[in-house]
Amino acid sequence: MNNVSFEVAEGEFCILLGPSGCGKSTVLRLIAGLEQPTSGSIVIDGKPVDHLAPRDRDIAFVFQSYALYPHMTVFENLAFSLRLRRAAAAEIESKVRDAAQLLEIDTLLGRRPQELSGGQRQRVALGRAIVRQPKIFLFDEPLSNLDAALRATMRVELTRLHRRLHATIVYVTHDQAEALTLGDKVIVLHQGVIQQIGSPSEIYHKPANISVARFVGSPQMNFLEGRLDDDGVVFHSGELRLNLSALFKRPLSRLAGQALTLGIRAEDLQPTEDQKGWLHGEVELVEDLGSDRFVHLKCDHSDLVARAGRELALVRGETVGLTAMPNQIHFFQGGRRIDP
């Protein structure tokens, strides 16, 4: 980790997003007190907690593995932390029943974990955190063991749960769909360094650098490496020459002669049937995903991916034109975003 610093507001759903090994889970473990920072401090409610043991930080941790006790019933799993704190029997009964009803597992209280589906086990793991009524919930990729359909369902349930509890949540994931769906705030990490902090919309539509632009978005953003001419009008990329004056009202004169990277998302790169456009490519593959249709194109300078409408007939080997709106093109210099 390298100089990681951020704030999470009370009641906020904060996402730590990044590839495996970028330090997301380490940040959670530092907050929980399972690891100690080499410098800096962890502050909760305005008070440093570095000297406090994990059990004294009023934090609930939901791990990637469900970590349920196999010999205990659902009720006993939910009640376990309360019994360790020697809570009264009536309090335990009330809190367990309330959490189970909230998560719709109240009919499963007498079962053991091996009798439950993956989604039900995940709800029990969530319930075990809820009964503690902590200040902060920490989630370490809690949905990664579920199949795609169940992950989508659980994302909706987590959103509802957050609204009902008004809970403060720090949630780790490598899944951008989870991050953009769940988060009030998204923190993108790469190699232990924070790349960008912002709303899901800001992270997607205004990535701070190529690392964020490449990681967030499916398919991955298209990139063109090149250089502006001395007038800041024509962008050169190998044999490709893009006249940007047709796209922008004024030339990019302040960037004249400099190397640039152009980024365009697949949904912003539109194929045209008449081959007119500021870019052309040969159709290699049409990827039909049901709700979306993507065309993979071979160009002289690079391989590109564009979203295609269903009204457009596309044949492998044919050449199509490509267009994009000026405000849909991202510019990067030295890996960082610049705004013309």
# chains A, B, ... in the order shown; residues from 1 in each chain; ligands from 1

$ residues_around --residues "segment 186-202 of chain A" --least-positions-apart "3" --cutoff "7 Å" --atoms "only C-alpha atoms" --output "VMD selection string"
chain A and resid 1 to 2 4 14 to 18 22 to 23 179 to 180 183 205 to 208 212

$ write_last_selection --atoms "N, CA and C atoms" --output "PDB file, in the first residue's frame"
ATOM      1  N   MET A   1       0.836  -1.184   0.000  1.00  0.00           N
ATOM      2  CA  MET A   1       0.000   0.000   0.000  1.00  0.00           C
ATOM      3  C   MET A   1       0.878   1.245   0.000  1.00  0.00           C
ATOM      4  N   ASN A   2       0.398   2.297  -0.661  1.00  0.00           N
ATOM      5  CA  ASN A   2       1.206   3.502  -0.798  1.00  0.00           C
ATOM      6  C   ASN A   2       0.345   4.738  -0.577  1.00  0.00           C
ATOM      7  N   VAL A   4      -2.396   5.496   1.061  1.00  0.00           N
ATOM      8  CA  VAL A   4      -3.838   5.372   0.833  1.00  0.00           C
ATOM      9  C   VAL A   4      -4.589   6.189   1.887  1.00  0.00           C
ATOM     10  N   CYS A  14     -19.565   2.683   0.290  1.00  0.00           N
ATOM     11  CA  CYS A  14     -18.293   2.973  -0.358  1.00  0.00           C
ATOM     12  C   CYS A  14     -17.706   1.691  -0.935  1.00  0.00           C
ATOM     13  N   ILE A  15     -17.318   1.746  -2.189  1.00  0.00           N
ATOM     14  CA  ILE A  15     -16.778   0.578  -2.889  1.00  0.00           C
ATOM     15  C   ILE A  15     -15.270   0.737  -3.080  1.00  0.00           C
ATOM     16  N   LEU A  16     -14.511  -0.306  -2.734  1.00  0.00           N
ATOM     17  CA  LEU A  16     -13.102  -0.400  -3.097  1.00  0.00           C
ATOM     18  C   LEU A  16     -13.009  -1.332  -4.293  1.00  0.00           C
ATOM     19  N   LEU A  17     -12.649  -0.789  -5.449  1.00  0.00           N
ATOM     20  CA  LEU A  17     -12.666  -1.529  -6.706  1.00  0.00           C
ATOM     21  C   LEU A  17     -11.264  -1.635  -7.278  1.00  0.00           C
ATOM     22  N   GLY A  18     -10.937  -2.817  -7.782  1.00  0.00           N
ATOM     23  CA  GLY A  18      -9.642  -2.987  -8.438  1.00  0.00           C
ATOM     24  C   GLY A  18      -9.362  -4.446  -8.711  1.00  0.00           C
ATOM     25  N   CYS A  22      -4.457  -5.761  -5.706  1.00  0.00           N
ATOM     26  CA  CYS A  22      -4.221  -4.317  -5.711  1.00  0.00           C
ATOM     27  C   CYS A  22      -4.237  -3.719  -4.308  1.00  0.00           C
ATOM     28  N   GLY A  23      -4.651  -4.493  -3.290  1.00  0.00           N
ATOM     29  CA  GLY A  23      -4.637  -3.998  -1.909  1.00  0.00           C
ATOM     30  C   GLY A  23      -5.999  -3.745  -1.310  1.00  0.00           C
ATOM     31  N   ALA A 179     -19.694  -2.609  -8.417  1.00  0.00           N
ATOM     32  CA  ALA A 179     -19.247  -1.283  -7.985  1.00  0.00           C
ATOM     33  C   ALA A 179     -20.172  -0.185  -8.499  1.00  0.00           C
ATOM     34  N   LEU A 180     -20.504  -0.241  -9.786  1.00  0.00           N
ATOM     35  CA  LEU A 180     -21.313   0.816 -10.390  1.00  0.00           C
ATOM     36  C   LEU A 180     -22.773   0.733  -9.962  1.00  0.00           C
ATOM     37  N   GLY A 183     -22.499   1.288  -5.353  1.00  0.00           N
ATOM     38  CA  GLY A 183     -21.760   2.327  -4.649  1.00  0.00           C
ATOM     39  C   GLY A 183     -22.345   3.725  -4.715  1.00  0.00           C
ATOM     40  N   HIS A 205     -17.621   7.850 -16.731  1.00  0.00           N
ATOM     41  CA  HIS A 205     -17.662   8.830 -17.822  1.00  0.00           C
ATOM     42  C   HIS A 205     -16.452   9.762 -17.843  1.00  0.00           C
ATOM     43  N   LYS A 206     -15.751   9.887 -16.717  1.00  0.00           N
ATOM     44  CA  LYS A 206     -14.567  10.750 -16.685  1.00  0.00           C
ATOM     45  C   LYS A 206     -13.430  10.043 -15.945  1.00  0.00           C
ATOM     46  N   PRO A 207     -12.932   8.930 -16.498  1.00  0.00           N
ATOM     47  CA  PRO A 207     -11.832   8.220 -15.831  1.00  0.00           C
ATOM     48  C   PRO A 207     -10.598   9.110 -15.717  1.00  0.00           C
ATOM     49  N   ALA A 208      -9.956   9.070 -14.548  1.00  0.00           N
ATOM     50  CA  ALA A 208      -8.838   9.974 -14.279  1.00  0.00           C
ATOM     51  C   ALA A 208      -7.589   9.597 -15.047  1.00  0.00           C
ATOM     52  N   VAL A 212      -7.774   3.440 -14.953  1.00  0.00           N
ATOM     53  CA  VAL A 212      -9.200   3.410 -14.598  1.00  0.00           C
ATOM     54  C   VAL A 212     -10.040   3.155 -15.842  1.00  0.00           C
TER      55      VAL A 212
END

$ select_by_dssp --residues "segment 201-280 of chain A" --states "helix (DSSP H, G or I)" --output "ChimeraX atom specification"
/A:201-205,210-215,244-246,253-255,266-268

$ closest_atom_pairs --of "segment 116-168 of chain A" --to "segment 89-94 of chain A" --cutoff "12 Å" --atoms "only C-alpha atoms" --output "CSV"
residue,atom,partner,partner_atom,distance
A:Arg128,CA,A:Ile92,CA,11.6
A:Val131,CA,A:Ile92,CA,8.4
A:Arg132,CA,A:Ile92,CA,9.9

$ select_by_dssp --residues "segment 94-328 of chain A" --states "strand (DSSP E)" --output "PDB file with N, CA and C atoms, in the first residue's frame"
ATOM      1  N   ILE A 136     -19.967   0.094  11.432  1.00  0.00           N
ATOM      2  CA  ILE A 136     -19.484  -0.073  10.063  1.00  0.00           C
ATOM      3  C   ILE A 136     -19.580  -1.538   9.658  1.00  0.00           C
ATOM      4  N   PHE A 137     -20.051  -1.763   8.433  1.00  0.00           N
ATOM      5  CA  PHE A 137     -20.035  -3.097   7.830  1.00  0.00           C
ATOM      6  C   PHE A 137     -18.879  -3.151   6.828  1.00  0.00           C
ATOM      7  N   LEU A 138     -18.058  -4.193   6.908  1.00  0.00           N
ATOM      8  CA  LEU A 138     -16.990  -4.429   5.948  1.00  0.00           C
ATOM      9  C   LEU A 138     -17.318  -5.688   5.151  1.00  0.00           C
ATOM     10  N   PHE A 139     -17.364  -5.572   3.830  1.00  0.00           N
ATOM     11  CA  PHE A 139     -17.687  -6.708   2.959  1.00  0.00           C
ATOM     12  C   PHE A 139     -16.485  -7.007   2.064  1.00  0.00           C
ATOM     13  N   ASP A 140     -15.972  -8.231   2.136  1.00  0.00           N
ATOM     14  CA  ASP A 140     -14.830  -8.627   1.309  1.00  0.00           C
ATOM     15  C   ASP A 140     -15.285  -9.599   0.221  1.00  0.00           C
ATOM     16  N   THR A 168     -23.370   2.255   7.294  1.00  0.00           N
ATOM     17  CA  THR A 168     -22.106   2.658   6.679  1.00  0.00           C
ATOM     18  C   THR A 168     -21.403   1.394   6.224  1.00  0.00           C
ATOM     19  N   ILE A 169     -21.119   1.314   4.922  1.00  0.00           N
ATOM     20  CA  ILE A 169     -20.576   0.077   4.338  1.00  0.00           C
ATOM     21  C   ILE A 169     -19.313   0.385   3.541  1.00  0.00           C
ATOM     22  N   VAL A 170     -18.282  -0.419   3.763  1.00  0.00           N
ATOM     23  CA  VAL A 170     -17.090  -0.414   2.900  1.00  0.00           C
ATOM     24  C   VAL A 170     -17.038  -1.797   2.258  1.00  0.00           C
ATOM     25  N   TYR A 171     -17.102  -1.817   0.941  1.00  0.00           N
ATOM     26  CA  TYR A 171     -17.357  -3.051   0.189  1.00  0.00           C
ATOM     27  C   TYR A 171     -16.249  -3.258  -0.840  1.00  0.00           C
ATOM     28  N   VAL A 172     -15.578  -4.384  -0.762  1.00  0.00           N
ATOM     29  CA  VAL A 172     -14.485  -4.715  -1.683  1.00  0.00           C
ATOM     30  C   VAL A 172     -14.991  -5.604  -2.812  1.00  0.00           C
ATOM     31  N   THR A 173     -14.623  -5.262  -4.046  1.00  0.00           N
ATOM     32  CA  THR A 173     -14.985  -6.107  -5.186  1.00  0.00           C
ATOM     33  C   THR A 173     -14.026  -5.842  -6.353  1.00  0.00           C
ATOM     34  N   LYS A 185     -20.049   5.907  -3.535  1.00  0.00           N
ATOM     35  CA  LYS A 185     -18.699   6.371  -3.833  1.00  0.00           C
ATOM     36  C   LYS A 185     -17.873   5.164  -4.258  1.00  0.00           C
ATOM     37  N   VAL A 186     -17.038   5.344  -5.283  1.00  0.00           N
ATOM     38  CA  VAL A 186     -16.160   4.266  -5.744  1.00  0.00           C
ATOM     39  C   VAL A 186     -14.708   4.740  -5.635  1.00  0.00           C
ATOM     40  N   ILE A 187     -13.879   3.902  -5.033  1.00  0.00           N
ATOM     41  CA  ILE A 187     -12.443   4.168  -4.920  1.00  0.00           C
ATOM     42  C   ILE A 187     -11.718   3.107  -5.736  1.00  0.00           C
ATOM     43  N   VAL A 188     -11.042   3.524  -6.804  1.00  0.00           N
ATOM     44  CA  VAL A 188     -10.352   2.585  -7.691  1.00  0.00           C
ATOM     45  C   VAL A 188      -8.896   2.472  -7.258  1.00  0.00           C
ATOM     46  N   LEU A 189      -8.460   1.230  -6.996  1.00  0.00           N
ATOM     47  CA  LEU A 189      -7.094   0.961  -6.569  1.00  0.00           C
ATOM     48  C   LEU A 189      -6.344   0.193  -7.650  1.00  0.00           C
ATOM     49  N   HIS A 190      -5.045   0.469  -7.758  1.00  0.00           N
ATOM     50  CA  HIS A 190      -4.184  -0.305  -8.657  1.00  0.00           C
ATOM     51  C   HIS A 190      -2.792  -0.330  -8.060  1.00  0.00           C
ATOM     52  N   VAL A 193      -2.186   1.772  -4.941  1.00  0.00           N
ATOM     53  CA  VAL A 193      -2.302   3.227  -5.055  1.00  0.00           C
ATOM     54  C   VAL A 193      -3.716   3.592  -5.482  1.00  0.00           C
ATOM     55  N   ILE A 194      -4.303   4.596  -4.840  1.00  0.00           N
ATOM     56  CA  ILE A 194      -5.623   5.081  -5.245  1.00  0.00           C
ATOM     57  C   ILE A 194      -5.494   5.817  -6.578  1.00  0.00           C
ATOM     58  N   GLN A 195      -6.259   5.377  -7.572  1.00  0.00           N
ATOM     59  CA  GLN A 195      -6.242   5.986  -8.898  1.00  0.00           C
ATOM     60  C   GLN A 195      -7.289   7.077  -9.048  1.00  0.00           C
ATOM     61  N   GLN A 196      -8.456   6.866  -8.417  1.00  0.00           N
ATOM     62  CA  GLN A 196      -9.542   7.840  -8.551  1.00  0.00           C
ATOM     63  C   GLN A 196     -10.584   7.575  -7.480  1.00  0.00           C
ATOM     64  N   ILE A 197     -11.186   8.647  -6.982  1.00  0.00           N
ATOM     65  CA  ILE A 197     -12.320   8.568  -6.057  1.00  0.00           C
ATOM     66  C   ILE A 197     -13.444   9.396  -6.656  1.00  0.00           C
ATOM     67  N   GLY A 198     -14.633   8.816  -6.772  1.00  0.00           N
ATOM     68  CA  GLY A 198     -15.750   9.561  -7.338  1.00  0.00           C
ATOM     69  C   GLY A 198     -17.026   8.755  -7.322  1.00  0.00           C
ATOM     70  N   ASN A 222     -11.742   1.377 -26.081  1.00  0.00           N
ATOM     71  CA  ASN A 222     -10.807   1.360 -27.211  1.00  0.00           C
ATOM     72  C   ASN A 222      -9.777   2.469 -27.044  1.00  0.00           C
ATOM     73  N   PHE A 223      -8.512   2.178 -27.393  1.00  0.00           N
ATOM     74  CA  PHE A 223      -7.456   3.179 -27.297  1.00  0.00           C
ATOM     75  C   PHE A 223      -6.721   3.302 -28.627  1.00  0.00           C
ATOM     76  N   LEU A 224      -6.410   4.544 -29.003  1.00  0.00           N
ATOM     77  CA  LEU A 224      -5.610   4.836 -30.199  1.00  0.00           C
ATOM     78  C   LEU A 224      -4.415   5.674 -29.779  1.00  0.00           C
ATOM     79  N   GLU A 225      -3.213   5.155 -30.033  1.00  0.00           N
ATOM     80  CA  GLU A 225      -1.984   5.891 -29.713  1.00  0.00           C
ATOM     81  C   GLU A 225      -1.558   6.710 -30.924  1.00  0.00           C
ATOM     82  N   GLY A 226      -1.190   7.950 -30.707  1.00  0.00           N
ATOM     83  CA  GLY A 226      -0.760   8.769 -31.831  1.00  0.00           C
ATOM     84  C   GLY A 226      -0.234  10.114 -31.397  1.00  0.00           C
ATOM     85  N   ARG A 227      -0.198  11.041 -32.357  1.00  0.00           N
ATOM     86  CA  ARG A 227       0.384  12.364 -32.117  1.00  0.00           C
ATOM     87  C   ARG A 227      -0.388  13.399 -32.933  1.00  0.00           C
ATOM     88  N   LEU A 228      -0.569  14.573 -32.369  1.00  0.00           N
ATOM     89  CA  LEU A 228      -1.192  15.674 -33.107  1.00  0.00           C
ATOM     90  C   LEU A 228      -0.170  16.345 -34.019  1.00  0.00           C
ATOM     91  N   VAL A 234      -4.800  17.430 -36.808  1.00  0.00           N
ATOM     92  CA  VAL A 234      -4.815  16.070 -37.328  1.00  0.00           C
ATOM     93  C   VAL A 234      -4.108  15.133 -36.351  1.00  0.00           C
ATOM     94  N   PHE A 235      -4.800  14.056 -36.006  1.00  0.00           N
ATOM     95  CA  PHE A 235      -4.249  13.041 -35.105  1.00  0.00           C
ATOM     96  C   PHE A 235      -3.704  11.894 -35.952  1.00  0.00           C
ATOM     97  N   HIS A 236      -2.422  11.554 -35.787  1.00  0.00           N
ATOM     98  CA  HIS A 236      -1.769  10.499 -36.548  1.00  0.00           C
ATOM     99  C   HIS A 236      -1.629   9.254 -35.672  1.00  0.00           C
ATOM    100  N   SER A 237      -2.025   8.113 -36.202  1.00  0.00           N
ATOM    101  CA  SER A 237      -1.812   6.842 -35.518  1.00  0.00           C
ATOM    102  C   SER A 237      -1.435   5.823 -36.582  1.00  0.00           C
ATOM    103  N   LEU A 240      -3.239   5.827 -39.963  1.00  0.00           N
ATOM    104  CA  LEU A 240      -4.502   6.515 -39.709  1.00  0.00           C
ATOM    105  C   LEU A 240      -4.280   8.012 -39.488  1.00  0.00           C
ATOM    106  N   ARG A 241      -5.145   8.819 -40.111  1.00  0.00           N
ATOM    107  CA  ARG A 241      -5.125  10.260 -39.913  1.00  0.00           C
ATOM    108  C   ARG A 241      -6.550  10.702 -39.618  1.00  0.00           C
ATOM    109  N   LEU A 242      -6.770  11.200 -38.408  1.00  0.00           N
ATOM    110  CA  LEU A 242      -8.090  11.672 -38.017  1.00  0.00           C
ATOM    111  C   LEU A 242      -8.076  13.197 -37.956  1.00  0.00           C
ATOM    112  N   ASN A 243      -8.934  13.810 -38.753  1.00  0.00           N
ATOM    113  CA  ASN A 243      -9.046  15.261 -38.743  1.00  0.00           C
ATOM    114  C   ASN A 243      -9.998  15.662 -37.618  1.00  0.00           C
ATOM    115  N   ALA A 259       2.374  13.723 -28.164  1.00  0.00           N
ATOM    116  CA  ALA A 259       1.817  12.370 -28.206  1.00  0.00           C
ATOM    117  C   ALA A 259       0.576  12.313 -27.330  1.00  0.00           C
ATOM    118  N   LEU A 260      -0.466  11.659 -27.853  1.00  0.00           N
ATOM    119  CA  LEU A 260      -1.736  11.534 -27.135  1.00  0.00           C
ATOM    120  C   LEU A 260      -2.272  10.122 -27.266  1.00  0.00           C
ATOM    121  N   THR A 261      -3.149   9.768 -26.339  1.00  0.00           N
ATOM    122  CA  THR A 261      -3.942   8.546 -26.452  1.00  0.00           C
ATOM    123  C   THR A 261      -5.408   8.945 -26.512  1.00  0.00           C
ATOM    124  N   LEU A 262      -6.110   8.481 -27.541  1.00  0.00           N
ATOM    125  CA  LEU A 262      -7.550   8.700 -27.655  1.00  0.00           C
ATOM    126  C   LEU A 262      -8.273   7.476 -27.124  1.00  0.00           C
ATOM    127  N   GLY A 263      -9.266   7.688 -26.287  1.00  0.00           N
ATOM    128  CA  GLY A 263     -10.073   6.593 -25.755  1.00  0.00           C
ATOM    129  C   GLY A 263     -11.525   6.756 -26.149  1.00  0.00           C
ATOM    130  N   ILE A 264     -12.137   5.669 -26.612  1.00  0.00           N
ATOM    131  CA  ILE A 264     -13.550   5.700 -27.021  1.00  0.00           C
ATOM    132  C   ILE A 264     -14.206   4.415 -26.539  1.00  0.00           C
ATOM    133  N   GLN A 270     -19.960   4.186 -33.186  1.00  0.00           N
ATOM    134  CA  GLN A 270     -21.128   3.699 -33.908  1.00  0.00           C
ATOM    135  C   GLN A 270     -20.777   3.271 -35.341  1.00  0.00           C
ATOM    136  N   PRO A 271     -21.011   1.984 -35.697  1.00  0.00           N
ATOM    137  CA  PRO A 271     -20.813   1.545 -37.090  1.00  0.00           C
ATOM    138  C   PRO A 271     -21.888   2.136 -37.997  1.00  0.00           C
ATOM    139  N   THR A 272     -21.509   2.429 -39.235  1.00  0.00           N
ATOM    140  CA  THR A 272     -22.463   2.942 -40.225  1.00  0.00           C
ATOM    141  C   THR A 272     -22.418   2.062 -41.467  1.00  0.00           C
ATOM    142  N   LEU A 279     -13.498   6.990 -39.367  1.00  0.00           N
ATOM    143  CA  LEU A 279     -12.683   5.799 -39.118  1.00  0.00           C
ATOM    144  C   LEU A 279     -13.347   4.616 -39.804  1.00  0.00           C
ATOM    145  N   HIS A 280     -12.539   3.620 -40.234  1.00  0.00           N
ATOM    146  CA  HIS A 280     -13.092   2.447 -40.902  1.00  0.00           C
ATOM    147  C   HIS A 280     -12.476   1.182 -40.331  1.00  0.00           C
ATOM    148  N   GLY A 281     -13.233   0.090 -40.402  1.00  0.00           N
ATOM    149  CA  GLY A 281     -12.719  -1.176 -39.906  1.00  0.00           C
ATOM    150  C   GLY A 281     -13.385  -2.352 -40.584  1.00  0.00           C
ATOM    151  N   GLU A 282     -12.686  -3.481 -40.606  1.00  0.00           N
ATOM    152  CA  GLU A 282     -13.211  -4.706 -41.197  1.00  0.00           C
ATOM    153  C   GLU A 282     -13.835  -5.573 -40.110  1.00  0.00           C
ATOM    154  N   VAL A 283     -15.053  -6.042 -40.356  1.00  0.00           N
ATOM    155  CA  VAL A 283     -15.775  -6.848 -39.376  1.00  0.00           C
ATOM    156  C   VAL A 283     -15.095  -8.206 -39.212  1.00  0.00           C
ATOM    157  N   GLU A 284     -14.690  -8.530 -37.992  1.00  0.00           N
ATOM    158  CA  GLU A 284     -14.093  -9.835 -37.689  1.00  0.00           C
ATOM    159  C   GLU A 284     -15.062 -10.754 -36.957  1.00  0.00           C
ATOM    160  N   LEU A 285     -15.864 -10.172 -36.065  1.00  0.00           N
ATOM    161  CA  LEU A 285     -16.773 -10.973 -35.238  1.00  0.00           C
ATOM    162  C   LEU A 285     -17.924 -10.102 -34.793  1.00  0.00           C
ATOM    163  N   VAL A 286     -19.135 -10.664 -34.830  1.00  0.00           N
ATOM    164  CA  VAL A 286     -20.305  -9.998 -34.268  1.00  0.00           C
ATOM    165  C   VAL A 286     -20.704 -10.782 -33.022  1.00  0.00           C
ATOM    166  N   GLU A 287     -20.631 -10.132 -31.886  1.00  0.00           N
ATOM    167  CA  GLU A 287     -20.896 -10.768 -30.593  1.00  0.00           C
ATOM    168  C   GLU A 287     -22.298 -10.383 -30.139  1.00  0.00           C
ATOM    169  N   ASP A 288     -23.226 -11.324 -30.232  1.00  0.00           N
ATOM    170  CA  ASP A 288     -24.617 -11.062 -29.866  1.00  0.00           C
ATOM    171  C   ASP A 288     -24.865 -11.567 -28.453  1.00  0.00           C
ATOM    172  N   ARG A 293     -25.220  -5.953 -28.630  1.00  0.00           N
ATOM    173  CA  ARG A 293     -24.605  -6.539 -29.827  1.00  0.00           C
ATOM    174  C   ARG A 293     -23.327  -5.760 -30.125  1.00  0.00           C
ATOM    175  N   PHE A 294     -22.189  -6.456 -30.045  1.00  0.00           N
ATOM    176  CA  PHE A 294     -20.901  -5.803 -30.244  1.00  0.00           C
ATOM    177  C   PHE A 294     -20.224  -6.356 -31.486  1.00  0.00           C
ATOM    178  N   VAL A 295     -19.598  -5.465 -32.252  1.00  0.00           N
ATOM    179  CA  VAL A 295     -18.875  -5.872 -33.448  1.00  0.00           C
ATOM    180  C   VAL A 295     -17.385  -5.622 -33.216  1.00  0.00           C
ATOM    181  N   HIS A 296     -16.581  -6.663 -33.442  1.00  0.00           N
ATOM    182  CA  HIS A 296     -15.130  -6.567 -33.316  1.00  0.00           C
ATOM    183  C   HIS A 296     -14.553  -6.260 -34.697  1.00  0.00           C
ATOM    184  N   LEU A 297     -13.742  -5.212 -34.757  1.00  0.00           N
ATOM    185  CA  LEU A 297     -13.269  -4.693 -36.040  1.00  0.00           C
ATOM    186  C   LEU A 297     -11.746  -4.706 -36.105  1.00  0.00           C
ATOM    187  N   LYS A 298     -11.246  -5.071 -37.286  1.00  0.00           N
ATOM    188  CA  LYS A 298      -9.812  -5.020 -37.556  1.00  0.00           C
ATOM    189  C   LYS A 298      -9.530  -3.753 -38.343  1.00  0.00           C
ATOM    190  N   ASP A 303      -7.171  -2.973 -33.142  1.00  0.00           N
ATOM    191  CA  ASP A 303      -8.435  -3.706 -33.079  1.00  0.00           C
ATOM    192  C   ASP A 303      -9.401  -2.902 -32.213  1.00  0.00           C
ATOM    193  N   LEU A 304     -10.627  -2.741 -32.701  1.00  0.00           N
ATOM    194  CA  LEU A 304     -11.618  -1.938 -32.006  1.00  0.00           C
ATOM    195  C   LEU A 304     -12.891  -2.745 -31.783  1.00  0.00           C
ATOM    196  N   VAL A 305     -13.672  -2.325 -30.800  1.00  0.00           N
ATOM    197  CA  VAL A 305     -14.973  -2.939 -30.529  1.00  0.00           C
ATOM    198  C   VAL A 305     -16.014  -1.832 -30.486  1.00  0.00           C
ATOM    199  N   ALA A 306     -17.132  -2.032 -31.183  1.00  0.00           N
ATOM    200  CA  ALA A 306     -18.194  -1.034 -31.230  1.00  0.00           C
ATOM    201  C   ALA A 306     -19.528  -1.704 -30.942  1.00  0.00           C
ATOM    202  N   ARG A 307     -20.433  -0.960 -30.333  1.00  0.00           N
ATOM    203  CA  ARG A 307     -21.795  -1.469 -30.140  1.00  0.00           C
ATOM    204  C   ARG A 307     -22.583  -1.202 -31.414  1.00  0.00           C
ATOM    205  N   THR A 319     -16.252  -3.999 -44.809  1.00  0.00           N
ATOM    206  CA  THR A 319     -15.714  -2.794 -44.190  1.00  0.00           C
ATOM    207  C   THR A 319     -16.857  -1.853 -43.846  1.00  0.00           C
ATOM    208  N   VAL A 320     -16.830  -1.342 -42.627  1.00  0.00           N
ATOM    209  CA  VAL A 320     -17.870  -0.407 -42.189  1.00  0.00           C
ATOM    210  C   VAL A 320     -17.208   0.872 -41.704  1.00  0.00           C
ATOM    211  N   GLY A 321     -17.964   1.950 -41.792  1.00  0.00           N
ATOM    212  CA  GLY A 321     -17.492   3.220 -41.251  1.00  0.00           C
ATOM    213  C   GLY A 321     -17.829   3.325 -39.775  1.00  0.00           C
ATOM    214  N   LEU A 322     -17.108   4.188 -39.070  1.00  0.00           N
ATOM    215  CA  LEU A 322     -17.322   4.376 -37.637  1.00  0.00           C
ATOM    216  C   LEU A 322     -17.386   5.865 -37.338  1.00  0.00           C
ATOM    217  N   THR A 323     -18.325   6.229 -36.479  1.00  0.00           N
ATOM    218  CA  THR A 323     -18.451   7.628 -36.077  1.00  0.00           C
ATOM    219  C   THR A 323     -18.499   7.717 -34.555  1.00  0.00           C
TER     220      THR A 323
END

$ residues_around --residues "segment 29-33 of chain A" --least-positions-apart "6" --cutoff "7 Å" --atoms "only C-alpha atoms" --output "list of chain:residue names"
A:Ile42, A:Ala53, A:Pro54, A:Ile59

$ atom_distance --atom1 "atom CA of Asp229 of chain A" --atom2 "atom CA of Leu269 of chain A"
23.4 Å

$ atom_distance --atom1 "atom CA of Ala148 of chain A" --atom2 "atom CA of Met72 of chain A"
28.4 Å

$ residues_around --residues "Ala125 of chain A" --least-positions-apart "5" --cutoff "10 Å" --atoms "only C-alpha atoms" --output "list in words"
Phe61, Val62, Phe63, Gln64, Ser65, Tyr66, Ala67, Leu68, Val74, Asn77, Leu78, Gly119, Gln120, Ile130 and Pro142 of chain A

$ atom_distance --atom1 "atom CA of Arg163 of chain A" --atom2 "atom CA of Leu182 of chain A"
11.1 Å

$ residues_around --residues "Ser291 of chain A" --least-positions-apart "6" --cutoff "12 Å" --atoms "only C-alpha atoms" --output "list in words"
Arg307, Ala308, Gly309 and Arg310 of chain A
